[in-house]
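Raw contents of data.pdb, PDB, C-alpha atoms, pLDDT in the B column:
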```
ATOM      1  CA  MET A   1     121.815-137.769  46.617  1.00 93.00           C
ATOM      2  CA  GLY A   2     120.789-134.375  45.363  1.00 97.00           C
ATOM      3  CA  ARG A   3     120.270-132.990  41.880  1.00 98.00           C
ATOM      4  CA  ALA A   4     122.256-129.814  41.261  1.00 98.00           C
ATOM      5  CA  TYR A   5     121.899-127.460  38.321  1.00 98.00           C
ATOM      6  CA  LEU A   6     124.947-125.375  37.514  1.00 98.00           C
ATOM      7  CA  SER A   7     125.642-122.395  35.299  1.00 98.00           C
ATOM      8  CA  LEU A   8     129.081-122.305  33.670  1.00 98.00           C
ATOM      9  CA  GLY A   9     130.516-119.312  31.872  1.00 95.00           C
ATOM     10  CA  SER A  10     133.782-117.925  30.580  1.00 95.00           C
ATOM     11  CA  ASN A  11     134.943-114.984  28.508  1.00 94.00           C
ATOM     12  CA  LEU A  12     138.698-115.610  28.630  1.00 91.00           C
ATOM     13  CA  GLU A  13     139.644-118.563  26.414  1.00 93.00           C
ATOM     14  CA  PRO A  14     136.132-119.935  26.975  1.00 95.00           C
ATOM     15  CA  GLU A  15     136.417-123.054  24.825  1.00 96.00           C
ATOM     16  CA  ARG A  16     139.515-124.248  26.678  1.00 95.00           C
ATOM     17  CA  HIS A  17     138.222-123.496  30.168  1.00 96.00           C
ATOM     18  CA  LEU A  18     134.690-124.782  29.651  1.00 97.00           C
ATOM     19  CA  HIS A  19     135.884-128.054  28.090  1.00 97.00           C
ATOM     20  CA  ALA A  20     138.310-128.560  30.965  1.00 96.00           C
ATOM     21  CA  ALA A  21     135.598-127.805  33.541  1.00 97.00           C
ATOM     22  CA  LEU A  22     133.217-130.299  31.918  1.00 98.00           C
ATOM     23  CA  ASP A  23     135.972-132.936  31.975  1.00 97.00           C
ATOM     24  CA  GLU A  24     136.557-132.328  35.700  1.00 97.00           C
ATOM     25  CA  LEU A  25     132.833-132.411  36.481  1.00 98.00           C
ATOM     26  CA  ARG A  26     132.514-135.764  34.679  1.00 98.00           C
ATOM     27  CA  ALA A  27     135.567-137.130  36.475  1.00 98.00           C
ATOM     28  CA  ARG A  28     134.150-136.157  39.894  1.00 97.00           C
ATOM     29  CA  PHE A  29     130.404-136.717  39.448  1.00 98.00           C
ATOM     30  CA  GLY A  30     130.076-139.216  36.585  1.00 98.00           C
ATOM     31  CA  ALA A  31     127.357-138.722  34.011  1.00 97.00           C
ATOM     32  CA  ILE A  32     126.225-135.127  33.628  1.00 98.00           C
ATOM     33  CA  ASP A  33     123.628-133.455  31.440  1.00 98.00           C
ATOM     34  CA  VAL A  34     125.079-130.591  29.401  1.00 98.00           C
ATOM     35  CA  SER A  35     123.070-127.917  27.620  1.00 98.00           C
ATOM     36  CA  PRO A  36     123.912-126.302  24.317  1.00 98.00           C
ATOM     37  CA  ALA A  37     126.305-123.338  24.633  1.00 98.00           C
ATOM     38  CA  TYR A  38     125.337-119.718  24.014  1.00 98.00           C
ATOM     39  CA  ARG A  39     127.316-116.562  23.371  1.00 97.00           C
ATOM     40  CA  SER A  40     126.134-113.402  25.094  1.00 94.00           C
ATOM     41  CA  ARG A  41     127.365-109.955  25.997  1.00 90.00           C
ATOM     42  CA  ALA A  42     128.915-109.387  29.400  1.00 86.00           C
ATOM     43  CA  VAL A  43     126.334-108.325  31.999  1.00 79.00           C
ATOM     44  CA  GLY A  44     127.255-105.749  34.622  1.00 77.00           C
ATOM     45  CA  PHE A  45     130.559-104.652  33.033  1.00 73.00           C
ATOM     46  CA  GLU A  46     132.249-103.975  29.702  1.00 82.00           C
ATOM     47  CA  GLY A  47     134.098-107.077  28.603  1.00 85.00           C
ATOM     48  CA  ASN A  48     134.478-109.825  26.040  1.00 90.00           C
ATOM     49  CA  ASP A  49     131.431-111.884  25.126  1.00 94.00           C
ATOM     50  CA  PHE A  50     130.755-114.855  27.371  1.00 94.00           C
ATOM     51  CA  ILE A  51     130.020-118.420  26.428  1.00 97.00           C
ATOM     52  CA  ASN A  52     127.572-119.968  28.886  1.00 97.00           C
ATOM     53  CA  LEU A  53     125.983-123.370  29.365  1.00 98.00           C
ATOM     54  CA  ALA A  54     124.213-125.349  32.061  1.00 98.00           C
ATOM     55  CA  VAL A  55     124.992-128.698  33.667  1.00 98.00           C
ATOM     56  CA  ALA A  56     122.789-131.003  35.735  1.00 98.00           C
ATOM     57  CA  LEU A  57     124.439-133.579  37.964  1.00 98.00           C
ATOM     58  CA  ASP A  58     123.692-135.875  40.851  1.00 98.00           C
ATOM     59  CA  THR A  59     125.824-135.451  43.951  1.00 98.00           C
ATOM     60  CA  GLU A  60     126.155-136.637  47.517  1.00 98.00           C
ATOM     61  CA  LEU A  61     127.656-133.271  48.442  1.00 98.00           C
ATOM     62  CA  GLU A  62     125.582-130.777  50.367  1.00 96.00           C
ATOM     63  CA  PRO A  63     125.260-127.393  48.609  1.00 97.00           C
ATOM     64  CA  GLU A  64     127.862-125.671  50.801  1.00 96.00           C
ATOM     65  CA  VAL A  65     130.450-128.392  50.144  1.00 96.00           C
ATOM     66  CA  LEU A  66     129.622-128.490  46.440  1.00 97.00           C
ATOM     67  CA  ASN A  67     130.007-124.706  46.293  1.00 95.00           C
ATOM     68  CA  ASP A  68     133.472-124.988  47.858  1.00 94.00           C
ATOM     69  CA  TRP A  69     134.417-127.714  45.355  1.00 97.00           C
ATOM     70  CA  LEU A  70     133.246-125.505  42.469  1.00 96.00           C
ATOM     71  CA  HIS A  71     135.267-122.549  43.779  1.00 92.00           C
ATOM     72  CA  ALA A  72     138.355-124.788  43.844  1.00 94.00           C
ATOM     73  CA  LEU A  73     137.546-125.814  40.243  1.00 95.00           C
ATOM     74  CA  GLU A  74     137.404-122.142  39.244  1.00 90.00           C
ATOM     75  CA  ASP A  75     140.686-121.488  41.037  1.00 88.00           C
ATOM     76  CA  ARG A  76     142.406-124.394  39.239  1.00 89.00           C
ATOM     77  CA  HIS A  77     141.462-122.678  35.974  1.00 84.00           C
ATOM     78  CA  GLY A  78     142.899-119.310  36.874  1.00 77.00           C
ATOM     79  CA  ARG A  79     139.876-117.573  38.363  1.00 69.00           C
ATOM     80  CA  ARG A  80     141.089-114.360  39.954  1.00 65.00           C
ATOM     81  CA  ARG A  81     139.460-113.209  43.148  1.00 58.00           C
ATOM     82  CA  ASP A  82     141.584-110.065  43.539  1.00 64.00           C
ATOM     83  CA  VAL A  83     139.674-108.184  40.830  1.00 63.00           C
ATOM     84  CA  PRO A  84     136.176-106.677  40.859  1.00 64.00           C
ATOM     85  CA  ARG A  85     133.428-109.305  41.114  1.00 64.00           C
ATOM     86  CA  TYR A  86     131.994-108.271  37.752  1.00 66.00           C
ATOM     87  CA  SER A  87     134.959-108.587  35.411  1.00 66.00           C
ATOM     88  CA  ASP A  88     136.424-110.880  32.772  1.00 79.00           C
ATOM     89  CA  ARG A  89     136.935-114.425  33.987  1.00 84.00           C
ATOM     90  CA  THR A  90     138.425-117.711  32.900  1.00 87.00           C
ATOM     91  CA  LEU A  91     135.694-119.715  34.585  1.00 93.00           C
ATOM     92  CA  ASP A  92     132.551-118.971  36.555  1.00 92.00           C
ATOM     93  CA  VAL A  93     130.553-121.895  37.963  1.00 95.00           C
ATOM     94  CA  ASP A  94     127.492-121.313  40.129  1.00 94.00           C
ATOM     95  CA  ILE A  95     124.891-123.587  41.672  1.00 97.00           C
ATOM     96  CA  VAL A  96     121.622-122.219  40.285  1.00 98.00           C
ATOM     97  CA  LEU A  97     119.229-124.773  41.756  1.00 98.00           C
ATOM     98  CA  TYR A  98     119.667-127.752  44.064  1.00 98.00           C
ATOM     99  CA  ASP A  99     116.585-129.948  44.308  1.00 97.00           C
ATOM    100  CA  GLN A 100     113.872-127.621  45.636  1.00 96.00           C
ATOM    101  CA  ARG A 101     116.058-126.017  48.281  1.00 97.00           C
ATOM    102  CA  VAL A 102     116.116-122.318  49.100  1.00 97.00           C
ATOM    103  CA  LEU A 103     119.204-121.116  50.960  1.00 95.00           C
ATOM    104  CA  GLU A 104     121.983-118.564  51.244  1.00 93.00           C
ATOM    105  CA  GLY A 105     125.439-119.222  52.578  1.00 90.00           C
ATOM    106  CA  PRO A 106     129.108-118.294  52.493  1.00 85.00           C
ATOM    107  CA  GLY A 107     130.994-117.958  49.228  1.00 79.00           C
ATOM    108  CA  HIS A 108     128.128-116.147  47.457  1.00 86.00           C
ATOM    109  CA  LEU A 109     126.000-119.291  47.772  1.00 94.00           C
ATOM    110  CA  GLN A 110     122.442-118.440  46.836  1.00 96.00           C
ATOM    111  CA  ILE A 111     119.847-121.007  45.807  1.00 97.00           C
ATOM    112  CA  PRO A 112     117.929-120.286  43.684  1.00 97.00           C
ATOM    113  CA  ARG A 113     120.546-118.067  42.083  1.00 96.00           C
ATOM    114  CA  LYS A 114     119.341-114.548  41.272  1.00 94.00           C
ATOM    115  CA  GLU A 115     121.120-114.733  37.904  1.00 93.00           C
ATOM    116  CA  LEU A 116     118.313-117.076  36.830  1.00 95.00           C
ATOM    117  CA  ARG A 117     116.589-113.860  35.761  1.00 94.00           C
ATOM    118  CA  HIS A 118     119.160-113.540  32.929  1.00 95.00           C
ATOM    119  CA  ALA A 119     118.912-115.265  29.558  1.00 97.00           C
ATOM    120  CA  PHE A 120     122.448-116.683  29.773  1.00 96.00           C
ATOM    121  CA  VAL A 121     121.425-118.749  32.834  1.00 97.00           C
ATOM    122  CA  LEU A 122     117.737-119.397  32.151  1.00 98.00           C
ATOM    123  CA  LYS A 123     117.881-120.571  28.513  1.00 98.00           C
ATOM    124  CA  PRO A 124     120.549-123.284  28.976  1.00 98.00           C
ATOM    125  CA  LEU A 125     118.742-124.502  32.091  1.00 98.00           C
ATOM    126  CA  ALA A 126     115.418-124.598  30.230  1.00 98.00           C
ATOM    127  CA  ASP A 127     117.152-126.655  27.523  1.00 98.00           C
ATOM    128  CA  ILE A 128     118.192-129.460  29.894  1.00 98.00           C
ATOM    129  CA  ALA A 129     115.401-129.256  32.500  1.00 98.00           C
ATOM    130  CA  PRO A 130     112.294-127.713  30.900  1.00 98.00           C
ATOM    131  CA  ASP A 131     109.919-129.234  33.466  1.00 98.00           C
ATOM    132  CA  LEU A 132     112.011-128.300  36.508  1.00 97.00           C
ATOM    133  CA  LEU A 133     110.020-126.016  38.795  1.00 97.00           C
ATOM    134  CA  HIS A 134     111.437-122.853  40.313  1.00 97.00           C
ATOM    135  CA  PRO A 135     111.261-123.430  44.097  1.00 97.00           C
ATOM    136  CA  LEU A 136     109.896-119.943  44.820  1.00 96.00           C
ATOM    137  CA  ASP A 137     108.051-118.962  41.649  1.00 94.00           C
ATOM    138  CA  GLY A 138     106.500-122.381  40.983  1.00 96.00           C
ATOM    139  CA  ARG A 139     106.743-122.078  37.198  1.00 97.00           C
ATOM    140  CA  SER A 140     108.769-124.481  35.064  1.00 98.00           C
ATOM    141  CA  MET A 141     112.015-123.434  33.409  1.00 98.00           C
ATOM    142  CA  ALA A 142     110.259-123.751  30.034  1.00 98.00           C
ATOM    143  CA  ASP A 143     107.463-121.423  31.177  1.00 98.00           C
ATOM    144  CA  LEU A 144     109.948-118.935  32.611  1.00 98.00           C
ATOM    145  CA  TRP A 145     111.863-118.937  29.315  1.00 98.00           C
ATOM    146  CA  ALA A 146     108.667-118.553  27.271  1.00 98.00           C
ATOM    147  CA  ALA A 147     107.780-115.457  29.339  1.00 97.00           C
ATOM    148  CA  PHE A 148     111.300-113.982  29.132  1.00 97.00           C
ATOM    149  CA  PRO A 149     111.733-110.818  27.002  1.00 96.00           C
ATOM    150  CA  GLN A 150     114.301-112.531  24.799  1.00 91.00           C
ATOM    151  CA  GLN A 151     115.129-109.464  22.716  1.00 92.00           C
ATOM    152  CA  SER A 152     116.399-107.729  25.878  1.00 93.00           C
ATOM    153  CA  GLU A 153     119.342-110.149  26.285  1.00 94.00           C
ATOM    154  CA  PRO A 154     120.157-111.738  22.931  1.00 94.00           C
ATOM    155  CA  LEU A 155     121.816-115.139  22.902  1.00 97.00           C
ATOM    156  CA  ALA A 156     123.583-116.732  19.961  1.00 97.00           C
ATOM    157  CA  PRO A 157     123.905-120.523  19.888  1.00 97.00           C
ATOM    158  CA  THR A 158     127.563-121.444  19.572  1.00 97.00           C
ATOM    159  CA  ARG A 159     129.721-124.542  19.465  1.00 91.00           C
ATOM    160  CA  LEU A 160     132.180-125.321  22.186  1.00 87.00           C
TER     161      LEU A 160
END
```

Could you show the structure in this file as structure tokens?
Amino acid sequence: MGRAYLSLGSNLEPERHLHAALDELRARFGAIDVSPAYRSRAVGFEGNDFINLAVALDTELEPEVLNDWLHALEDRHGRRRDVPRYSDRTLDVDIVLYDQRVLEGPGHLQIPRKELRHAFVLKPLADIAPDLLHPLDGRSMADLWAAFPQQSEPLAPTRL
């Protein structure tokens, strides 16, 4: 069994898609840890605000297989892959960390995920796993968040 940490986000009907994704994650993996949700501006393109959160779950799936399962989850919720990579989306689910592994693979699989340098990924992860160590940096999620220039990427707590 491995411990995976996911980032979930949506800026098209986010409440509907994020609730549905959480339901499917629970149905497939059982108990999951879910962070508070945060609203943030789109990064890398002009678009609607995103709602983001983090999930921690235990899985028997290897990262590559889990990544494929998560892509299928996105697809079931209307994720379009025929548009620019940085654009509005119904659902975006990425593996941010998986145990202490470091790897890159097909399907934009990258662990640790480079987006961990953004508030919308780091803060929710620090909420549910403050003592989790970054496999390359060695600092905890709480320490990384404490050092983050929070005014550069404002987050607003929001309800799902």

Just say which residues the PyMOL selection byres ((chain A and resi 28) around 12) picks in this file, as an MDAnalysis selection string.
-> chainID A and resid 21:27 29:32 57:61 66 69:70 73

Residues as selected, C-alpha atoms, written as a PDB file, in the coordinates of the input, can you do that?
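Here's the written file out-v1.pdb:
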```pdb
ATOM      1  CA  ALA A  21     135.598-127.805  33.541  1.00 97.00           C
ATOM      2  CA  LEU A  22     133.217-130.299  31.918  1.00 98.00           C
ATOM      3  CA  ASP A  23     135.972-132.936  31.975  1.00 97.00           C
ATOM      4  CA  GLU A  24     136.557-132.328  35.700  1.00 97.00           C
ATOM      5  CA  LEU A  25     132.833-132.411  36.481  1.00 98.00           C
ATOM      6  CA  ARG A  26     132.514-135.764  34.679  1.00 98.00           C
ATOM      7  CA  ALA A  27     135.567-137.130  36.475  1.00 98.00           C
ATOM      8  CA  PHE A  29     130.404-136.717  39.448  1.00 98.00           C
ATOM      9  CA  GLY A  30     130.076-139.216  36.585  1.00 98.00           C
ATOM     10  CA  ALA A  31     127.357-138.722  34.011  1.00 97.00           C
ATOM     11  CA  ILE A  32     126.225-135.127  33.628  1.00 98.00           C
ATOM     12  CA  LEU A  57     124.439-133.579  37.964  1.00 98.00           C
ATOM     13  CA  ASP A  58     123.692-135.875  40.851  1.00 98.00           C
ATOM     14  CA  THR A  59     125.824-135.451  43.951  1.00 98.00           C
ATOM     15  CA  GLU A  60     126.155-136.637  47.517  1.00 98.00           C
ATOM     16  CA  LEU A  61     127.656-133.271  48.442  1.00 98.00           C
ATOM     17  CA  LEU A  66     129.622-128.490  46.440  1.00 97.00           C
ATOM     18  CA  TRP A  69     134.417-127.714  45.355  1.00 97.00           C
ATOM     19  CA  LEU A  70     133.246-125.505  42.469  1.00 96.00           C
ATOM     20  CA  LEU A  73     137.546-125.814  40.243  1.00 95.00           C
TER      21      LEU A  73
END
```

Output check: residues returned by the PyMOL selection byres ((chain A and resi 114) around 12), as a list of chain:residue names | A:Ser7, A:Asp94, A:Ile95, A:Val96, A:Leu97, A:Val102, A:Leu103, A:Glu104, A:His108, A:Leu109, A:Gln110, A:Ile111, A:Pro112, A:Arg113, A:Glu115, A:Leu116, A:Arg117, A:His118, A:Ala119, A:Val121, A:Leu122, A:His134, A:Leu136

Give me the residues within 8 Å of A:Leu53 as a PyMOL selection string, counting only C-alpha atoms and dropping any in the same chain fewer than 3 places off.
-> chain A and resi 7-9+34-38+120-121+124-125

Can I get the selected residues back with C-alpha atoms, as a compact mmCIF listing (two decimals), in the frame of the given file?
```
# COMPACT_ATOMS: atom_id res chain seq x y z
CA SER A 7 125.64 -122.40 35.30
CA LEU A 8 129.08 -122.30 33.67
CA GLY A 9 130.52 -119.31 31.87
CA VAL A 34 125.08 -130.59 29.40
CA SER A 35 123.07 -127.92 27.62
CA PRO A 36 123.91 -126.30 24.32
CA ALA A 37 126.30 -123.34 24.63
CA TYR A 38 125.34 -119.72 24.01
CA PHE A 120 122.45 -116.68 29.77
CA VAL A 121 121.42 -118.75 32.83
CA PRO A 124 120.55 -123.28 28.98
CA LEU A 125 118.74 -124.50 32.09
```

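The residues returned by the PyMOL selection byres ((chain A and resi 156) around 6) for this structure are Tyr38, Arg39, Leu155 and Pro157 of chain A.
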
Which residue, A:Arg139, A:Arg159, A:Arg3, A:Arg89, has the smallest gap to A:Asp49 when you use all atoms listed in the file?
->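 So, comparing all the options, the nearest one is A:Arg89.
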
If you measure from atom CA of A:Ile128 to atom CA of A:Asp143, what distance in Å do you get, rounded to one decimal?
-> 13.5 Å

Give me, please, the distance in Å between atom CA of A:Glu13 and atom CA of A:Thr90, quoted to one decimal.
->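 Those two atoms sit 6.7 Å apart.
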
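In terms of minimum interatomic distance to A:Phe45, A:Asp88 ranks closest within A:Asp88, A:Ser10, A:Glu15, A:Asp75, counting all atoms listed in the file.
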
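Between atom CA of A:Ala54 and atom CA of A:Arg76 there is a distance of 19.6 Å.
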